[in-house]
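All remarks here apply to the structure that follows.
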Amino acid sequence: MSQYEIINSEWDGESTLRLVDHHAQAEAEIIPAVGLHLFRFDVRNHAYIAKPGSLAELRVKSSRYGVPILFPPGRVKLAALLL
């Protein structure tokens with residue numbers, strides 16, 4: 001078995017990506033349809049990000065739960081250089 005794995009999953013009817021590091025016993029879950037949001041990060045069954053109770057709650061209070069994954073990386077620095 002590989003150390004890393006990407007698993008297509010679903011949460012509350014929406015597609016998610018589960019990123020798994022088997023050796024570290026860590027799992028991250030990203031929901032692309034809601035701002036490419038990292039809404040779950042667990043290491044050895046200990047949650048480091050508060051997961052909302054439902055997808056509807058995440059959509060309404062997205063700034064309260066998780067971390068948006070900014071894409072593409074480096075854009076902020078480039079924009080600052082152009083000002």
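Numbering starts fresh at 1 for the residues of each chain in the structure tokens, the chains themselves are lettered A, B, ... in the order given, and ligands are numbered from 1 as they appear.
Neighbouring residues of region 50-54 of chain A at 7 Å or closer, counting only C-alpha atoms and skipping chain neighbours under 3 positions away, are A:Asp12, A:Phe39, A:Arg40, A:Glu57, A:Leu58, A:Tyr65, A:Gly66.
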With only C-alpha atoms as the atoms that count, which of A:Leu17, A:Leu38, A:Ala33, A:Ile7 lies nearest to Arg59 (chain A)?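 Going through A:Leu17, A:Leu38, A:Ala33, A:Ile7 one by one, the smallest distance to Arg59 (chain A) is for A:Ala33.
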Go through A:Ser62, A:Gln25, A:Thr16, A:Ser9 and flag the residue nearest Ala47 (chain A), using only C-alpha atoms for the distances. A:Gln25
List every residue of chain A that DSSP, applied to the backbone of this structure, assigns to strand (DSSP E), and report them as an MDAnalysis selection string. chainID A and resid 4:11 14:21 26:31 37:43 46:47 67:68
Write out, as a JSON list (two decimals), in the first residue's frame, the residues just selected, with C-alpha atoms.
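out_33.json written:
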[["chain", "number", "residue", "atom", "x", "y", "z"],
["A", 4, "TYR", "CA", -0.61, 8.56, 0.26],
["A", 5, "GLU", "CA", -4.06, 8.07, -1.19],
["A", 6, "ILE", "CA", -6.74, 10.28, -2.73],
["A", 7, "ILE", "CA", -10.27, 8.99, -2.28],
["A", 8, "ASN", "CA", -13.30, 10.41, -4.10],
["A", 9, "SER", "CA", -16.00, 10.63, -1.48],
["A", 10, "GLU", "CA", -19.30, 12.35, -0.80],
["A", 11, "TRP", "CA", -20.64, 14.44, 2.06],
["A", 14, "GLU", "CA", -21.65, 16.84, -2.63],
["A", 15, "SER", "CA", -18.40, 15.38, -4.00],
["A", 16, "THR", "CA", -15.34, 15.60, -1.78],
["A", 17, "LEU", "CA", -11.70, 14.56, -1.97],
["A", 18, "ARG", "CA", -10.20, 12.74, 1.00],
["A", 19, "LEU", "CA", -6.42, 13.02, 1.16],
["A", 20, "VAL", "CA", -4.95, 10.27, 3.30],
["A", 21, "ASP", "CA", -1.44, 9.84, 4.71],
["A", 26, "ALA", "CA", -3.79, 11.80, 8.88],
["A", 27, "GLU", "CA", -6.82, 12.63, 6.76],
["A", 28, "ALA", "CA", -7.88, 15.88, 5.12],
["A", 29, "GLU", "CA", -11.15, 16.38, 3.27],
["A", 30, "ILE", "CA", -11.75, 19.06, 0.64],
["A", 31, "ILE", "CA", -15.07, 20.06, -0.92],
["A", 37, "HIS", "CA", -12.75, 24.34, 1.23],
["A", 38, "LEU", "CA", -10.65, 22.14, 3.53],
["A", 39, "PHE", "CA", -13.40, 21.29, 6.01],
["A", 40, "ARG", "CA", -11.91, 18.34, 7.87],
["A", 41, "PHE", "CA", -8.37, 17.56, 9.06],
["A", 42, "ASP", "CA", -7.81, 14.67, 11.46],
["A", 43, "VAL", "CA", -4.57, 13.17, 12.76],
["A", 46, "HIS", "CA", -8.08, 13.85, 16.62],
["A", 47, "ALA", "CA", -9.92, 16.63, 14.77],
["A", 67, "VAL", "CA", -9.88, 26.77, 5.49],
["A", 68, "PRO", "CA", -10.28, 27.89, 1.86]]
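Secondary structure from DSSP on the backbone puts alpha helix (DSSP H) at the following positions of chain A: Leu55, Ala56, Glu57, Leu58, Arg59, Val60, Arg75, Val76, Lys77, Leu78, Ala79, Ala80, Leu81 and Leu82 of chain A.
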Residues from the last selection, N, CA, C and O atoms, saved as a PDB file, in the first residue's frame:
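Below you can see again.pdb, which holds the result:
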ATOM      1  N   LEU A  55     -23.839  20.375   5.117  1.00  0.00           N
ATOM      2  CA  LEU A  55     -23.340  21.145   3.981  1.00  0.00           C
ATOM      3  C   LEU A  55     -24.019  22.512   3.935  1.00  0.00           C
ATOM      4  O   LEU A  55     -23.380  23.520   3.645  1.00  0.00           O
ATOM      5  N   ALA A  56     -25.302  22.571   4.264  1.00  0.00           N
ATOM      6  CA  ALA A  56     -26.023  23.852   4.278  1.00  0.00           C
ATOM      7  C   ALA A  56     -25.387  24.825   5.271  1.00  0.00           C
ATOM      8  O   ALA A  56     -25.233  26.014   4.978  1.00  0.00           O
ATOM      9  N   GLU A  57     -24.986  24.318   6.427  1.00  0.00           N
ATOM     10  CA  GLU A  57     -24.342  25.161   7.428  1.00  0.00           C
ATOM     11  C   GLU A  57     -22.991  25.668   6.925  1.00  0.00           C
ATOM     12  O   GLU A  57     -22.636  26.823   7.139  1.00  0.00           O
ATOM     13  N   LEU A  58     -22.237  24.824   6.226  1.00  0.00           N
ATOM     14  CA  LEU A  58     -20.947  25.246   5.663  1.00  0.00           C
ATOM     15  C   LEU A  58     -21.151  26.336   4.627  1.00  0.00           C
ATOM     16  O   LEU A  58     -20.411  27.315   4.597  1.00  0.00           O
ATOM     17  N   ARG A  59     -22.166  26.196   3.787  1.00  0.00           N
ATOM     18  CA  ARG A  59     -22.428  27.204   2.749  1.00  0.00           C
ATOM     19  C   ARG A  59     -22.788  28.561   3.362  1.00  0.00           C
ATOM     20  O   ARG A  59     -22.369  29.596   2.876  1.00  0.00           O
ATOM     21  N   VAL A  60     -23.571  28.556   4.444  1.00  0.00           N
ATOM     22  CA  VAL A  60     -24.006  29.800   5.078  1.00  0.00           C
ATOM     23  C   VAL A  60     -22.893  30.425   5.909  1.00  0.00           C
ATOM     24  O   VAL A  60     -22.728  31.644   5.919  1.00  0.00           O
ATOM     25  N   ARG A  75      -0.556  33.970  -6.646  1.00  0.00           N
ATOM     26  CA  ARG A  75      -1.249  35.109  -7.252  1.00  0.00           C
ATOM     27  C   ARG A  75      -1.184  36.347  -6.367  1.00  0.00           C
ATOM     28  O   ARG A  75      -1.050  37.447  -6.841  1.00  0.00           O
ATOM     29  N   VAL A  76      -1.315  36.181  -5.066  1.00  0.00           N
ATOM     30  CA  VAL A  76      -1.316  37.327  -4.158  1.00  0.00           C
ATOM     31  C   VAL A  76       0.018  38.052  -4.234  1.00  0.00           C
ATOM     32  O   VAL A  76       0.077  39.267  -4.350  1.00  0.00           O
ATOM     33  N   LYS A  77       1.109  37.307  -4.210  1.00  0.00           N
ATOM     34  CA  LYS A  77       2.442  37.914  -4.277  1.00  0.00           C
ATOM     35  C   LYS A  77       2.627  38.645  -5.605  1.00  0.00           C
ATOM     36  O   LYS A  77       3.129  39.752  -5.638  1.00  0.00           O
ATOM     37  N   LEU A  78       2.192  38.031  -6.694  1.00  0.00           N
ATOM     38  CA  LEU A  78       2.324  38.645  -8.003  1.00  0.00           C
ATOM     39  C   LEU A  78       1.517  39.931  -8.067  1.00  0.00           C
ATOM     40  O   LEU A  78       2.002  40.949  -8.540  1.00  0.00           O
ATOM     41  N   ALA A  79       0.299  39.923  -7.548  1.00  0.00           N
ATOM     42  CA  ALA A  79      -0.542  41.113  -7.560  1.00  0.00           C
ATOM     43  C   ALA A  79       0.111  42.237  -6.758  1.00  0.00           C
ATOM     44  O   ALA A  79       0.064  43.396  -7.138  1.00  0.00           O
ATOM     45  N   ALA A  80       0.729  41.911  -5.622  1.00  0.00           N
ATOM     46  CA  ALA A  80       1.387  42.916  -4.789  1.00  0.00           C
ATOM     47  C   ALA A  80       2.564  43.556  -5.532  1.00  0.00           C
ATOM     48  O   ALA A  80       2.839  44.738  -5.378  1.00  0.00           O
ATOM     49  N   LEU A  81       3.266  42.766  -6.345  1.00  0.00           N
ATOM     50  CA  LEU A  81       4.403  43.294  -7.093  1.00  0.00           C
ATOM     51  C   LEU A  81       3.971  44.252  -8.190  1.00  0.00           C
ATOM     52  O   LEU A  81       4.697  45.161  -8.574  1.00  0.00           O
ATOM     53  N   LEU A  82       2.762  44.051  -8.722  1.00  0.00           N
ATOM     54  CA  LEU A  82       2.280  44.875  -9.811  1.00  0.00           C
ATOM     55  C   LEU A  82       1.743  46.219  -9.322  1.00  0.00           C
ATOM     56  O   LEU A  82       1.590  47.142 -10.106  1.00  0.00           O
TER      57      LEU A  82
END
